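Structure below is target21.tsv: TSV, C-alpha atoms.
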chain	number	residue	atom	x	y	z
A	1	ASP	CA	0.00	0.00	0.00
A	2	GLY	CA	2.87	2.36	0.76
A	3	TYR	CA	3.99	2.13	-2.86
A	4	THR	CA	0.61	1.76	-4.59
A	5	LEU	CA	-1.25	4.67	-2.96
A	6	PRO	CA	1.16	7.50	-3.89
A	7	PHE	CA	1.75	5.95	-7.30
A	8	ALA	CA	-1.94	5.84	-8.18
A	9	GLY	CA	-2.84	9.09	-6.43
A	10	LEU	CA	-0.10	11.22	-8.02
A	11	LEU	CA	-0.41	10.03	-11.62
A	12	LEU	CA	-2.91	12.74	-12.55
A	13	GLY	CA	-0.78	15.52	-11.08
A	14	ALA	CA	2.40	14.03	-12.54
A	15	GLY	CA	0.85	14.10	-16.00
A	16	ALA	CA	-0.04	17.78	-15.68
A	17	PHE	CA	3.39	18.54	-14.20
A	18	THR	CA	5.01	16.79	-17.17
A	19	ASP	CA	3.25	19.07	-19.64
A	20	ARG	CA	4.30	22.16	-17.68
A	21	ILE	CA	8.05	21.49	-17.32
A	22	GLY	CA	8.62	19.19	-20.30
A	23	ALA	CA	8.67	15.42	-20.56
A	24	LYS	CA	12.46	15.10	-20.57
A	25	LYS	CA	12.92	17.02	-17.32
A	26	ALA	CA	9.99	15.27	-15.65
A	27	PHE	CA	11.23	11.84	-16.70
A	28	GLY	CA	14.77	12.56	-15.49
A	29	PHE	CA	13.46	13.89	-12.19
A	30	GLY	CA	11.32	10.79	-11.72
A	31	VAL	CA	14.09	8.32	-12.56
A	32	ALA	CA	16.66	10.07	-10.35
A	33	GLY	CA	14.21	10.24	-7.44
A	34	PHE	CA	13.23	6.60	-7.89
A	35	ALA	CA	16.92	5.61	-7.80
A	36	LEU	CA	17.53	7.54	-4.58
A	37	ALA	CA	14.40	6.05	-3.01
A	38	SER	CA	15.59	2.58	-4.06
A	39	LEU	CA	18.93	3.24	-2.37
A	40	ALA	CA	17.09	4.29	0.78
A	41	CYS	CA	15.09	1.03	0.64
A	42	ALA	CA	18.28	-1.00	0.30
A	43	LEU	CA	19.95	0.76	3.23
A	44	ALA	CA	16.85	0.93	5.44
A	45	PRO	CA	17.80	0.14	9.06
A	46	SER	CA	14.19	-0.47	10.13
A	47	LEU	CA	10.77	-1.34	8.80
A	48	GLY	CA	9.56	2.23	9.29
A	49	VAL	CA	12.34	3.64	7.13
A	50	LEU	CA	11.70	0.98	4.50
A	51	LEU	CA	8.01	1.88	4.34
A	52	GLY	CA	8.83	5.58	4.06
A	53	ALA	CA	11.25	4.89	1.23
A	54	ARG	CA	8.62	2.77	-0.52
A	55	VAL	CA	6.22	5.72	-0.37
A	56	ALA	CA	8.90	7.86	-2.02
A	57	GLN	CA	9.42	5.17	-4.66
A	58	GLY	CA	5.73	5.22	-5.53
A	59	ALA	CA	5.67	9.02	-5.77
A	60	PHE	CA	8.64	9.15	-8.16
A	61	ALA	CA	7.33	6.19	-10.17
A	62	ALA	CA	4.15	8.22	-10.74
A	63	MET	CA	6.33	10.83	-12.45
A	64	VAL	CA	8.07	8.29	-14.68
A	65	THR	CA	5.00	6.66	-16.25
A	66	PRO	CA	3.17	9.62	-17.88
A	67	SER	CA	6.40	11.43	-18.76
A	68	SER	CA	7.72	8.35	-20.57
A	69	MET	CA	4.60	8.20	-22.75
A	70	ALA	CA	4.82	11.95	-23.36
A	71	LEU	CA	8.47	11.53	-24.42
A	72	VAL	CA	7.33	9.10	-27.10
A	73	ARG	CA	4.57	11.48	-28.20
A	74	HIS	CA	7.02	14.36	-28.67
A	75	ALA	CA	9.83	12.27	-30.19
A	76	TYR	CA	7.81	10.93	-33.15
A	77	ASP	CA	5.73	13.20	-35.34
A	78	ASP	CA	4.74	10.36	-37.66
A	79	PRO	CA	1.80	8.45	-36.13
A	80	GLY	CA	2.97	5.13	-37.60
A	81	ARG	CA	6.45	5.39	-36.07
A	82	ARG	CA	4.90	6.64	-32.86
A	83	ALA	CA	2.73	3.52	-32.69
A	84	GLN	CA	5.83	1.36	-33.17
A	85	ALA	CA	7.65	3.25	-30.41
A	86	VAL	CA	4.72	2.82	-28.02
A	87	SER	CA	4.77	-0.90	-28.79
A	88	LEU	CA	8.45	-1.06	-27.83
A	89	TRP	CA	7.59	0.90	-24.69
A	90	ALA	CA	4.96	-1.72	-23.84
A	91	THR	CA	7.40	-4.53	-24.65
A	92	GLY	CA	9.52	-3.33	-21.75
A	93	GLY	CA	6.59	-3.98	-19.46
A	94	ALA	CA	5.95	-7.39	-20.98
A	95	VAL	CA	9.59	-8.43	-20.53
A	96	ALA	CA	9.54	-7.08	-16.98
A	97	ALA	CA	6.50	-9.23	-16.23
A	98	VAL	CA	8.60	-12.27	-17.14
A	99	CYS	CA	11.93	-11.25	-15.63
A	100	GLY	CA	10.82	-9.34	-12.53
A	101	PRO	CA	9.41	-12.18	-10.41
A	102	LEU	CA	12.15	-14.60	-11.46
A	103	LEU	CA	15.00	-12.14	-10.89
A	104	GLY	CA	13.42	-10.95	-7.66
A	105	GLY	CA	13.18	-14.50	-6.38
A	106	LEU	CA	16.82	-15.22	-7.19
A	107	LEU	CA	18.06	-11.99	-5.60
A	108	THR	CA	16.00	-12.59	-2.46
A	109	VAL	CA	17.79	-15.89	-1.94
A	110	LEU	CA	21.02	-13.89	-1.62
A	111	ASP	CA	19.72	-10.78	0.16
A	112	TRP	CA	16.34	-9.06	-0.06
A	113	ARG	CA	18.05	-5.67	-0.26
A	114	LEU	CA	19.39	-6.56	-3.70
A	115	ILE	CA	15.91	-6.25	-5.21
A	116	PHE	CA	16.31	-2.49	-4.62
A	117	VAL	CA	20.02	-2.23	-5.41
A	118	VAL	CA	19.39	-3.66	-8.90
A	119	ASN	CA	17.46	-0.47	-9.76
A	120	LEU	CA	20.53	1.75	-9.36
A	121	PRO	CA	22.66	0.76	-12.41
A	122	VAL	CA	19.53	0.68	-14.55
A	123	ALA	CA	18.63	4.22	-13.46
A	124	VAL	CA	22.17	5.46	-14.22
A	125	LEU	CA	22.00	3.95	-17.70
A	126	ILE	CA	18.59	5.54	-18.31
A	127	LEU	CA	19.83	8.98	-17.27
A	128	LEU	CA	22.88	8.68	-19.55
A	129	LEU	CA	20.63	7.77	-22.49
A	130	LEU	CA	18.20	10.53	-21.59
A	131	HIS	CA	20.99	13.12	-21.75
A	132	ALA	CA	21.26	12.50	-25.50
A	133	ALA	CA	17.52	12.90	-26.08
A	134	ALA	CA	16.18	16.06	-27.67
A	135	PRO	CA	14.66	18.70	-25.36
A	136	SER	CA	10.93	18.36	-24.79
A	137	PRO	CA	8.50	21.24	-25.24
A	138	ALA	CA	7.07	22.78	-22.08
A	139	TYR	CA	3.68	24.44	-21.92
A	140	TRP	CA	3.78	26.47	-18.76
A	141	ALA	CA	0.58	27.31	-16.90
A	142	PRO	CA	-0.22	27.84	-13.22
A	143	PHE	CA	-0.39	24.52	-11.40
A	144	ASP	CA	-3.78	23.53	-10.04
A	145	TRP	CA	-2.88	22.70	-6.43
A	146	THR	CA	-6.52	22.37	-5.38
A	147	GLY	CA	-7.08	19.92	-8.21
A	148	GLN	CA	-3.98	17.96	-7.19
A	149	ALA	CA	-5.09	17.74	-3.56
A	150	THR	CA	-8.66	16.67	-4.33
A	151	GLY	CA	-7.51	14.28	-7.07
A	152	LEU	CA	-4.93	12.72	-4.75
A	153	LEU	CA	-7.52	12.19	-2.02
A	154	ALA	CA	-10.08	10.80	-4.47
A	155	VAL	CA	-7.80	8.28	-6.18
A	156	SER	CA	-5.89	7.29	-3.02
A	157	GLY	CA	-9.11	6.89	-1.07
A	158	LEU	CA	-10.64	4.73	-3.78
A	159	VAL	CA	-7.54	2.54	-4.17
A	160	PHE	CA	-7.12	2.18	-0.40
A	161	ALA	CA	-10.78	1.23	0.01
A	162	ALA	CA	-10.49	-1.28	-2.82
A	163	VAL	CA	-7.35	-2.91	-1.44
A	164	GLU	CA	-8.59	-3.05	2.15
A	165	ALA	CA	-12.03	-4.31	1.12
A	166	GLY	CA	-10.39	-7.42	-0.29
A	167	SER	CA	-8.96	-8.36	3.10
A	168	HIS	CA	-11.25	-6.70	5.67
A	169	GLY	CA	-14.60	-6.64	3.88
A	170	SER	CA	-16.50	-3.83	2.20
A	171	GLY	CA	-18.37	-2.97	5.39
A	172	SER	CA	-15.32	-2.38	7.59
A	173	ARG	CA	-14.83	1.07	9.09
A	174	PRO	CA	-11.56	1.97	7.28
A	175	VAL	CA	-13.10	0.98	3.94
A	176	LEU	CA	-16.24	3.05	4.54
A	177	ILE	CA	-14.22	6.09	5.64
A	178	ALA	CA	-11.83	5.84	2.69
A	179	GLY	CA	-14.71	5.30	0.27
A	180	SER	CA	-16.53	8.37	1.63
A	181	ILE	CA	-13.39	10.47	1.27
A	182	ALA	CA	-13.01	9.24	-2.29
A	183	VAL	CA	-16.58	10.18	-3.23
A	184	VAL	CA	-16.49	13.66	-1.66
A	185	SER	CA	-13.03	14.40	-3.03
A	186	GLY	CA	-13.99	13.10	-6.46
A	187	ILE	CA	-16.97	15.45	-6.64
A	188	ALA	CA	-14.79	18.34	-5.48
A	189	PHE	CA	-12.17	17.47	-8.09
A	190	VAL	CA	-14.67	17.50	-10.96
A	191	LEU	CA	-16.14	20.81	-9.81
A	192	ARG	CA	-12.68	22.31	-9.51
A	193	GLN	CA	-11.68	21.16	-13.00
A	194	HIS	CA	-14.89	22.66	-14.38
A	195	ARG	CA	-14.33	26.08	-12.81
A	196	ALA	CA	-10.52	26.45	-12.79
A	197	SER	CA	-8.95	28.75	-15.38
A	198	HIS	CA	-5.97	26.37	-15.69
A	199	PRO	CA	-7.35	22.93	-14.69
A	200	MET	CA	-5.03	20.04	-14.00
A	201	VAL	CA	-7.22	17.78	-16.18
A	202	PRO	CA	-9.23	19.85	-18.70
A	203	LEU	CA	-12.68	18.31	-18.90
A	204	THR	CA	-12.89	19.39	-22.54
A	205	MET	CA	-10.46	16.57	-23.27
A	206	PHE	CA	-13.31	14.11	-22.67
A	207	ARG	CA	-15.39	15.58	-25.47
A	208	SER	CA	-13.37	13.30	-27.71
A	209	ARG	CA	-15.04	9.90	-27.98
A	210	THR	CA	-11.62	8.39	-28.63
A	211	VAL	CA	-10.27	9.66	-25.30
A	212	VAL	CA	-13.30	8.36	-23.40
A	213	VAL	CA	-13.11	4.92	-25.01
A	214	ALA	CA	-9.33	4.76	-24.48
A	215	VAL	CA	-9.62	5.54	-20.77
A	216	ALA	CA	-12.52	3.09	-20.34
A	217	THR	CA	-10.58	0.41	-22.22
A	218	GLY	CA	-7.54	0.91	-20.00
A	219	PHE	CA	-9.77	0.51	-16.96
A	220	THR	CA	-11.62	-2.65	-18.02
A	221	PHE	CA	-8.56	-4.22	-19.63
A	222	MET	CA	-6.61	-3.99	-16.37
A	223	ILE	CA	-9.50	-5.50	-14.45
A	224	GLY	CA	-9.20	-8.56	-16.66
A	225	PHE	CA	-5.47	-8.68	-17.33
A	226	PHE	CA	-4.45	-7.95	-13.73
A	227	GLY	CA	-7.39	-9.70	-12.12
A	228	GLN	CA	-6.99	-13.04	-13.93
A	229	PRO	CA	-3.49	-13.86	-12.54
A	230	PHE	CA	-4.59	-12.65	-9.11
A	231	VAL	CA	-7.65	-14.89	-9.13
A	232	PHE	CA	-5.84	-17.99	-10.33
A	233	SER	CA	-2.82	-17.52	-8.08
A	234	ILE	CA	-5.16	-17.74	-5.09
A	235	PHE	CA	-7.38	-20.40	-6.66
A	236	LEU	CA	-4.44	-22.70	-7.44
A	237	GLN	CA	-3.00	-22.39	-3.95
A	238	GLN	CA	-6.27	-22.65	-2.01
A	239	GLU	CA	-8.24	-25.14	-4.10
A	240	ARG	CA	-5.50	-27.17	-5.78
A	241	GLY	CA	-2.75	-27.06	-3.16
A	242	VAL	CA	-0.13	-25.70	-5.57
A	243	GLY	CA	2.84	-24.01	-3.89
A	244	PRO	CA	3.80	-20.36	-4.53
A	245	ALA	CA	6.84	-21.20	-6.68
A	246	GLN	CA	4.91	-23.69	-8.80
A	247	THR	CA	2.09	-21.15	-9.18
A	248	GLY	CA	4.57	-18.69	-10.65
A	249	ILE	CA	5.67	-21.30	-13.17
A	250	VAL	CA	2.04	-21.80	-14.23
A	251	PHE	CA	1.92	-18.17	-15.39
A	252	LEU	CA	5.35	-18.22	-17.04
A	253	PRO	CA	4.21	-19.48	-20.50
A	254	MET	CA	1.55	-16.75	-20.64
A	255	ALA	CA	4.07	-14.02	-19.78
A	256	VAL	CA	6.73	-15.32	-22.16
A	257	CYS	CA	4.25	-15.56	-25.03
A	258	GLY	CA	3.17	-11.99	-24.36
A	259	ALA	CA	6.75	-10.71	-24.41
A	260	ILE	CA	7.47	-12.52	-27.69
A	261	CYS	CA	4.33	-11.39	-29.53
A	262	THR	CA	4.18	-7.73	-28.48
A	263	PRO	CA	6.97	-6.47	-30.82
A	264	PHE	CA	5.06	-7.79	-33.86
A	265	VAL	CA	1.91	-5.76	-33.12
A	266	PRO	CA	3.13	-2.57	-34.91
A	267	ARG	CA	3.38	-4.47	-38.20
A	268	LEU	CA	-0.19	-5.64	-37.81
A	269	VAL	CA	-1.34	-2.11	-36.98
A	270	ARG	CA	0.39	-0.72	-40.08
A	271	ARG	CA	-1.45	-3.26	-42.22
A	272	VAL	CA	-4.97	-3.19	-40.80
A	273	GLY	CA	-5.08	-0.15	-38.49
A	274	ALA	CA	-5.48	-0.12	-34.73
A	275	ARG	CA	-9.18	-0.94	-34.46
A	276	LEU	CA	-8.88	-4.65	-35.27
A	277	PRO	CA	-6.10	-5.45	-32.76
A	278	ILE	CA	-7.79	-3.42	-30.00
A	279	VAL	CA	-11.25	-4.89	-30.47
A	280	GLY	CA	-10.09	-8.36	-31.50
A	281	GLY	CA	-7.66	-8.55	-28.59
A	282	GLN	CA	-10.42	-7.83	-26.11
A	283	VAL	CA	-12.77	-10.36	-27.72
A	284	LEU	CA	-10.10	-13.08	-27.61
A	285	MET	CA	-9.30	-12.21	-24.01
A	286	ALA	CA	-13.00	-12.46	-23.10
A	287	ALA	CA	-13.20	-15.85	-24.83
A	288	SER	CA	-10.25	-17.07	-22.74
A	289	PHE	CA	-11.92	-15.83	-19.56
A	290	ILE	CA	-15.11	-17.71	-20.38
A	291	ALA	CA	-13.15	-20.88	-21.19
A	292	LEU	CA	-11.38	-20.64	-17.82
A	293	ALA	CA	-14.70	-20.06	-16.05
A	294	LEU	CA	-16.14	-23.24	-17.56
A	295	VAL	CA	-13.25	-25.62	-16.81
A	296	PRO	CA	-14.13	-28.65	-14.66
A	297	ALA	CA	-13.00	-28.54	-11.04
A	298	GLY	CA	-10.41	-31.30	-11.45
A	299	VAL	CA	-8.74	-30.19	-14.69
A	300	PRO	CA	-4.94	-30.71	-14.57
A	301	VAL	CA	-2.89	-27.63	-13.67
A	302	TRP	CA	-0.85	-27.86	-16.87
A	303	VAL	CA	-4.07	-27.59	-18.87
A	304	LEU	CA	-4.95	-24.38	-17.02
A	305	SER	CA	-1.47	-23.06	-17.79
A	306	LEU	CA	-1.96	-23.72	-21.51
A	307	MET	CA	-5.42	-22.13	-21.46
A	308	MET	CA	-3.90	-18.94	-20.02
A	309	VAL	CA	-1.32	-18.61	-22.81
A	310	PRO	CA	-3.60	-16.69	-25.25
A	311	ILE	CA	-4.18	-14.01	-22.61
A	312	GLY	CA	-0.50	-13.00	-22.57
A	313	PRO	CA	-0.28	-11.58	-26.12
A	314	MET	CA	-3.52	-9.65	-25.69
A	315	ALA	CA	-1.68	-7.06	-23.61
A	316	GLY	CA	0.33	-6.26	-26.73
A	317	PHE	CA	-2.73	-6.27	-28.96
A	318	VAL	CA	-4.72	-3.86	-26.79
A	319	ASN	CA	-2.50	-1.62	-24.66
A	320	PRO	CA	0.16	-0.32	-27.13
A	321	PRO	CA	-2.27	0.48	-29.99
A	322	MET	CA	-4.73	2.04	-27.57
A	323	SER	CA	-1.97	4.17	-26.03
A	324	ALA	CA	-0.85	5.27	-29.49
A	325	VAL	CA	-4.41	6.11	-30.52
A	326	LEU	CA	-4.86	8.16	-27.35
A	327	LEU	CA	-1.65	10.12	-27.94
A	328	ASN	CA	-2.66	10.71	-31.57
A	329	HIS	CA	-6.01	12.17	-30.56
A	330	VAL	CA	-4.91	14.71	-27.96
A	331	ASP	CA	-3.09	17.97	-28.38
A	332	GLY	CA	0.66	17.60	-27.84
A	333	ARG	CA	0.37	20.09	-24.99
A	334	LEU	CA	-1.78	17.54	-23.12
A	335	ALA	CA	0.28	14.41	-23.80
A	336	GLY	CA	1.42	14.06	-20.19
A	337	THR	CA	-2.04	14.83	-18.82
A	338	ALA	CA	-3.69	12.28	-21.11
A	339	SER	CA	-1.09	9.69	-20.14
A	340	GLY	CA	-1.72	10.40	-16.47
A	341	VAL	CA	-5.48	9.97	-16.88
A	342	TYR	CA	-5.04	6.76	-18.87
A	343	ASN	CA	-2.66	5.18	-16.37
A	344	THR	CA	-4.75	6.31	-13.41
A	345	ALA	CA	-7.71	4.47	-14.90
A	346	ARG	CA	-5.53	1.39	-15.33
A	347	GLN	CA	-4.34	1.53	-11.71
A	348	ILE	CA	-7.87	1.91	-10.38
A	349	GLY	CA	-8.99	-1.02	-12.53
A	350	GLY	CA	-6.23	-3.23	-11.12
A	351	ALA	CA	-7.02	-2.22	-7.54
A	352	LEU	CA	-10.74	-2.84	-7.95
A	353	ALA	CA	-10.02	-6.23	-9.50
A	354	VAL	CA	-8.12	-7.27	-6.38
A	355	ALA	CA	-10.88	-5.97	-4.11
A	356	VAL	CA	-13.92	-7.38	-5.90
A	357	PHE	CA	-12.38	-10.67	-7.03
A	358	GLY	CA	-10.71	-11.16	-3.66
A	359	ALA	CA	-14.06	-10.81	-1.92
A	360	LEU	CA	-15.63	-13.31	-4.32
A	361	LEU	CA	-12.85	-15.84	-3.75
A	362	ALA	CA	-13.28	-15.51	0.03
A	363	SER	CA	-17.07	-15.80	-0.06
A	364	PRO	CA	-18.86	-18.76	1.55
A	365	ALA	CA	-19.57	-20.15	-1.96
A	366	GLY	CA	-15.90	-21.12	-2.21
A	367	ALA	CA	-12.90	-20.19	-4.37
A	368	LEU	CA	-14.09	-22.21	-7.38
A	369	THR	CA	-17.39	-20.35	-7.57
A	370	GLY	CA	-15.62	-17.06	-6.86
A	371	MET	CA	-13.19	-17.74	-9.69
A	372	ARG	CA	-15.99	-18.43	-12.15
A	373	ILE	CA	-17.99	-15.35	-11.20
A	374	SER	CA	-14.85	-13.20	-11.40
A	375	MET	CA	-14.11	-14.40	-14.91
A	376	VAL	CA	-17.69	-13.72	-16.00
A	377	ILE	CA	-17.49	-10.16	-14.62
A	378	ALA	CA	-14.20	-9.57	-16.42
A	379	THR	CA	-15.70	-10.94	-19.63
A	380	VAL	CA	-18.70	-8.60	-19.52
A	381	LEU	CA	-16.56	-5.53	-18.85
A	382	VAL	CA	-13.99	-6.29	-21.54
A	383	LEU	CA	-16.68	-7.04	-24.13
A	384	THR	CA	-18.39	-3.74	-23.27
A	385	THR	CA	-15.33	-1.67	-24.19
A	386	ALA	CA	-14.70	-3.93	-27.19
A	387	CYS	CA	-18.15	-2.97	-28.50
A	388	ALA	CA	-17.41	0.69	-27.77
A	389	GLY	CA	-14.21	0.37	-29.80
A	390	LEU	CA	-16.22	-0.67	-32.85
A	391	SER	CA	-17.84	2.76	-32.97
A	392	LEU	CA	-14.57	4.67	-33.16
A	393	ARG	CA	-13.37	6.35	-36.32
A	394	ASN	CA	-9.92	7.31	-37.55
A	395	LEU	CA	-8.14	4.53	-35.71
A	396	HIS	CA	-5.54	4.00	-38.42
A	397	PRO	CA	-2.15	5.25	-37.22
A	398	GLN	CA	-1.74	7.44	-40.28
A	399	GLN	CA	-4.86	9.38	-39.29
A	400	ALA	CA	-3.68	11.59	-36.47
A	401	ALA	CA	-6.10	14.49	-36.59
A	402	VAL	CA	-7.38	15.57	-33.21
A	403	GLU	CA	-11.12	14.96	-32.95

Structure encoded using structure tokens:
Amino acid sequence: DGYTLPFAGLLLGAGAFTDRIGAKKAFGFGVAGFALASLACALAPSLGVLLGARVAQGAFAAMVTPSSMALVRHAYDDPGRRAQAVSLWATGGAVAAVCGPLLGGLLTVLDWRLIFVVNLPVAVLILLLLHAAAPSPAYWAPFDWTGQATGLLAVSGLVFAAVEAGSHGSGSRPVLIAGSIAVVSGIAFVLRQHRASHPMVPLTMFRSRTVVVAVATGFTFMIGFFGQPFVFSIFLQQERGVGPAQTGIVFLPMAVCGAICTPFVPRLVRRVGARLPIVGGQVLMAASFIALALVPAGVPVWVLSLMMVPIGPMAGFVNPPMSAVLLNHVDGRLAGTASGVYNTARQIGGALAVAVFGALLASPAGALTGMRISMVIATVLVLTTACAGLSLRNLHPQQAAVE
């Protein structure tokens, strides 16, 4: 929670900050801060210091995500090349999904502090490469501190309530208090953005149907893509008696397949446009969810592992093209803001998946029933945004006009 709450809560503000000082400066600031926070984690003499350093890590990571997408937006004027660059950007995440748990497990055998030390040389390399990058445009405007405060409270309250509801129940006092704070702050945030002369998140941005569908797709996609491994990691351990290490191996083919397939998505997008991969990827993901929901109780674990494999590549089919489409359909001055909104929706989707699906798995009906209901919910949500994607126009990467 110490990492997740500041990361999710500050994404909106980090996106607006990126547009105001320039993506290159914001990205460098985020990477350098993340490296220092990682060093503090590695040297932490106590649990309290470690938790504080993790909070700092989350805050600086919030700066890295939207500024990295904005860097891509400003570096490539051609929409086709931009789509390819976004795909490479997403490939990094796909490779990390494969390497992170495995490398983390190996390093922990030696010393848990090494999982933070490993960030330092990577950060130094990133900063050296960033030095050679072209300067990013900055669009200065007064910063909306009221919007940042209310947005931080709204998103953090919602994420905290979602995470805690999964373990303490939706009716617990902390969950109700956090949920109430989220609702009140969310209303205040929207009112502030409507009235402010320089809003942190201009509401006019949502007049574009493309932006609305992109944000909704990021939200529902993460519910499915993040929720499915969460559900089955618990299901396999509780219902099937599979150990934690073996459970990780079950997901390995899915992650590897995703990392291999993602780099080929730009070629497909250049041939057929972005609509088919985005919509088709969600339909195929929904079909996999339904298949997993219908499996017999005693199906062998290796069969489940094979059935999960098609889900891995869908991250490459949906997320990179959708990110590229979003960046193509917003003014360059709002690239960081749009990225912040998109990734905030994704973070909220992942948090809600853990909360709702966790409650279903822990219900008296049992983990098997909870798993099946969770997969049905994910299917309905993903198919909803897939249908919305069918109504979009100008999804070919060569068509970059702002709606």

- Message: Rounded to one decimal, what separation in Å do you get between CA of Asp78 (chain A) and CA of Ser323 (chain A)?
- Response: 14.8 Å

- For Met308 (chain A), list every protein, DNA or RNA residue within 10 Å, evaluated using all atoms listed in the file, and leave out those in the same chain fewer than 5 positions away; present the list as a VMD selection string. chain A and resid 228 to 229 232 250 to 255 285 288 to 289 291 to 292 302 to 303

- Message: Just to confirm, what's the straight-line distance from CA of Arg346 (chain A) to CA of Asn319 (chain A) in Å (one decimal)?
- Response: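 Rounded to one decimal, the two atoms are 10.3 Å apart.
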
- Message: Please report the interatomic distance between CA of Trp145 (chain A) and CA of Ser208 (chain A) in Å with one decimal.
- Response: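 CA of Ser208 (chain A) lies 25.5 Å from CA of Trp145 (chain A).
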
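Distances here use all atoms listed in the file; by that measure, the residue among A:Phe7, A:Tyr139, A:Phe357, A:Tyr342 closest to Gly224 (chain A) is A:Phe357.
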
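Closest approach to Thr344 (chain A) among A:Cys41, A:Ala133, A:Leu158, A:Ala259 is made by A:Leu158 (distances from only C-alpha atoms).
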
- Message: Considering only C-alpha atoms, can you say which of A:Arg270, A:Arg333, A:His131, A:Arg372 comes closest to Ala83 (chain A)?
- Response: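 Among the listed residues, A:Arg270 lies closest to Ala83 (chain A).
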
- Shell around Phe206 (chain A) at 10 Å using all atoms listed in the file, local window under 4 positions removed, as a list in words: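 Once the adjacent positions are removed, what remains is Val201, Pro202, Thr210, Val211, Val212, Val213, Val215, Val330 and Ala338 of chain A.
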
Please dump the current selection as a PDB file, in the frame of the given file; keep C-alpha atoms.
ATOM      1  CA  VAL A 201      -7.220  17.780 -16.180  1.00  0.00           C
ATOM      2  CA  PRO A 202      -9.230  19.850 -18.700  1.00  0.00           C
ATOM      3  CA  THR A 210     -11.620   8.390 -28.630  1.00  0.00           C
ATOM      4  CA  VAL A 211     -10.270   9.660 -25.300  1.00  0.00           C
ATOM      5  CA  VAL A 212     -13.300   8.360 -23.400  1.00  0.00           C
ATOM      6  CA  VAL A 213     -13.110   4.920 -25.010  1.00  0.00           C
ATOM      7  CA  VAL A 215      -9.620   5.540 -20.770  1.00  0.00           C
ATOM      8  CA  VAL A 330      -4.910  14.710 -27.960  1.00  0.00           C
ATOM      9  CA  ALA A 338      -3.690  12.280 -21.110  1.00  0.00           C
TER      10      ALA A 338
END

- Message: Using all atoms listed in the file and a cutoff of 10 Å, can you tell me which residues are near (-8.8, -3.5, 1.3) in the file's coordinates, and write them out as a list in words?
- Response: Asp1, Leu158, Val159, Phe160, Ala161, Ala162, Val163, Glu164, Ala165, Gly166, Ser167, His168, Gly169, Ser170, Ser172, Pro174, Val175, Ala178, Ala351, Leu352, Val354, Ala355, Val356, Gly358 and Ala359 of chain A

- Task: Tell me, as a list of chain:residue names, which residues lie within 9 Å of Ser68 (chain A), counting all atoms listed in the file; anything in the same chain fewer than 6 positions away does not count.
- Result: A:Ala23, A:Lys24, A:Ala26, A:Phe27, A:Trp89, A:Gly336, A:Ser339

- Item | Selection: 9 Å around Ile181 (chain A), only C-alpha atoms, excl. self and same-chain fewer than 2 positions, as a list of chain:residue names |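 Answer for this query is A:Leu153, A:Ala154, A:Gly157, A:Leu158, A:Leu176, A:Ile177, A:Ala178, A:Gly179, A:Val183, A:Val184, A:Ser185, A:Gly186.
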
- Message: Please list as a PyMOL selection string every residue within 12 Å of Pro300 (chain A), counting all atoms listed in the file and excluding residues in the same chain fewer than 4 positions away.
- Response: chain A and resi 236+240+242+250+295-296+304-307

- Nearest-residue call for Gly350 (chain A), choices A:Gly33, A:Gly227, A:Gly58, A:Pro135, using all atoms listed in the file: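 The closest residue to Gly350 (chain A) is A:Gly227.
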
- Query: A:Leu110, A:Val269, A:Ile126, A:Val283: which is nearest Arg81 (chain A), counting only C-alpha atoms?
  - Reply: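 Residue with the minimum atom-to-atom distance to Arg81 (chain A): A:Val269.
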
- Leu11 (chain A) proximity check over A:Phe29, A:Val256, A:Thr337, A:Cys387, using all atoms listed in the file: winner is A:Thr337

For the point (-2.3, -10.7, -28.6) in file coordinates, what residues are within 9 Å, counting only C-alpha atoms? Give the answer as a PDB file with C-alpha atoms, in the frame of the given file?
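Once written, selection-v7.pdb looks like this:
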ATOM      1  CA  CYS A 257       4.250 -15.560 -25.030  1.00  0.00           C
ATOM      2  CA  GLY A 258       3.170 -11.990 -24.360  1.00  0.00           C
ATOM      3  CA  CYS A 261       4.330 -11.390 -29.530  1.00  0.00           C
ATOM      4  CA  THR A 262       4.180  -7.730 -28.480  1.00  0.00           C
ATOM      5  CA  VAL A 265       1.910  -5.760 -33.120  1.00  0.00           C
ATOM      6  CA  PRO A 277      -6.100  -5.450 -32.760  1.00  0.00           C
ATOM      7  CA  GLY A 280     -10.090  -8.360 -31.500  1.00  0.00           C
ATOM      8  CA  GLY A 281      -7.660  -8.550 -28.590  1.00  0.00           C
ATOM      9  CA  GLN A 282     -10.420  -7.830 -26.110  1.00  0.00           C
ATOM     10  CA  LEU A 284     -10.100 -13.080 -27.610  1.00  0.00           C
ATOM     11  CA  MET A 285      -9.300 -12.210 -24.010  1.00  0.00           C
ATOM     12  CA  PRO A 310      -3.600 -16.690 -25.250  1.00  0.00           C
ATOM     13  CA  ILE A 311      -4.180 -14.010 -22.610  1.00  0.00           C
ATOM     14  CA  GLY A 312      -0.500 -13.000 -22.570  1.00  0.00           C
ATOM     15  CA  PRO A 313      -0.280 -11.580 -26.120  1.00  0.00           C
ATOM     16  CA  MET A 314      -3.520  -9.650 -25.690  1.00  0.00           C
ATOM     17  CA  ALA A 315      -1.680  -7.060 -23.610  1.00  0.00           C
ATOM     18  CA  GLY A 316       0.330  -6.260 -26.730  1.00  0.00           C
ATOM     19  CA  PHE A 317      -2.730  -6.270 -28.960  1.00  0.00           C
ATOM     20  CA  VAL A 318      -4.720  -3.860 -26.790  1.00  0.00           C
TER      21      VAL A 318
END
